[in-house]
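A.B. asks: Please read through the structure below; I'll follow up with questions.
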Amino acid sequence: MPTALITGITGQDGSYLAELLLKKGYCVIGVARRSSTVNFERINHLLDDITVVQGDLQDQGSLLAFLEEYKPTEVYNLAAQSFVPTSWNQPALTGDVTALGVTRLLEAIRFVNPKIRFYQASSSEMFGKVMEVPQSESTPFYPRSPYGVAKVYGHWITVNYRESFNLFAASGILFNHESPRRGLEFVTRKISNGVARIKLDMANELRLGNLDAQRDWGFAGDYVEAMWLMLQQDEPDNFVIGTGETHSVREFCEIAFGHVGLDYGKFVVQDERFYRPAEVDLLISDPSKARSKLGWEPAVPFKELVTMMVDADLERLKKA
């Protein structure tokens, strides 16, 4: 039975990846940061089948201890300070966790077992002020937030350890991926939850930032399969993962509100407080390399993703 260690297992991607690996017969070890109120909501249904340990990308010792004790064959680094607006309020913390945390984990692998296969969760936010459309593995990076800058460091240190120490270190440059398990602070979930609250007469408006920002949105459950496929290749590499389509926040609102028979224009209020200091206007992927080398294709189309999220929030709020 192969063993996989997942940092950030309590997050959206961690929960879907754990489900996938369990189905494939893995022993799954999840690393969760110590907190007085640890939130296992996304993995409650998995707790009988996985092992969750307390650790932190800021603590080198805990990372070394996990690798020595559990002897994983694969490590998936999904942990990060991943909310872009917070990265402006806490830029040093974002750099320490999202950037230097990758180095600490790679160093631990290098010292404990260089044969461990490593996956780094890179981000389309690295492209930022895009230098070409669409964005591929060779597109230059121009990050527009402390989060994007930290992810660029994490990406290049992964490449550096691959080339310097011959580690199997792969980097997945994932474009926006969403699901009903997305945090409420992210705009897609903010919209789906807002639509559900308005439909159920629990709210009468939804305040958002830039409605014209465009993103390449896919389903997180599809994207974790690409992570796994990257570590099954003969050689490590970088892969852009996305749908190859772009949609605006406005279009997301139109579909979400329309799904419950409402006109988004009557409820959505643009609020300057939610604009970024430096906006990323257009992100759209070129996933052709992943298609040809990994055999990966996204399965859930954009409209189905939006309606899935709205339906899940409606159901959740009705139960509550």
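Naming works like this for the structure tokens: A, B, ... for the chains as they're shown, residue 1 at the start of each chain, ligands 1 onward in shown order.
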Find the residues near range 131-147 of chain A: any atom within 10 Å, counting only C-alpha atoms, skip ones fewer than 5 places away on the same chain, and give them as a ChimeraX atom specification.
C.D. replies: /A:80-95,98-99,123-126,152,172-173,175,237-242,244-246,276-280,282-289
A.B. asks: Taking the chain letters and numbering used in this document, name the residues of range 21-84 of chain A that DSSP puts in alpha helix (DSSP H), as a compact mmCIF listing (two decimals) with C-alpha atoms, in the first residue's frame.
C.D. replies:
# COMPACT_ATOMS: atom_id res chain seq x y z
CA LEU A 21 -6.09 8.56 -2.95
CA LEU A 22 -8.20 6.41 -0.62
CA LYS A 23 -10.09 5.08 -3.65
CA GLN A 60 11.19 22.27 10.07
CA GLY A 61 11.38 19.74 12.90
CA SER A 62 7.78 18.57 12.55
CA LEU A 63 8.24 18.03 8.81
CA LEU A 64 11.34 15.89 9.35
CA ALA A 65 9.53 13.88 12.03
CA PHE A 66 6.53 13.12 9.79
CA LEU A 67 8.69 11.88 6.93
CA GLU A 68 10.75 9.67 9.23
CA GLU A 69 7.74 8.21 11.05
CA TYR A 70 5.26 7.62 8.21
CA VAL A 84 -5.10 36.69 -1.92
A.B. asks: Report, in Å with one decimal, the straight-line distance from CA of Lys318 in chain A to CA of Leu211 in chain A.
C.D. replies: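 Calculated distance between CA of Lys318 in chain A and CA of Leu211 in chain A is 28.0 Å.
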A.B. asks: Run DSSP on the backbone of this structure and report the residues of range 65-285 of chain A it assigns to strand (DSSP E or B), as an NGL selection string.
C.D. replies: :A and (74-77 or 117-123 or 135 or 168-174 or 177-178 or 206-208 or 214-215 or 218-219 or 238-241 or 247-248 or 268-270 or 282 or 285)
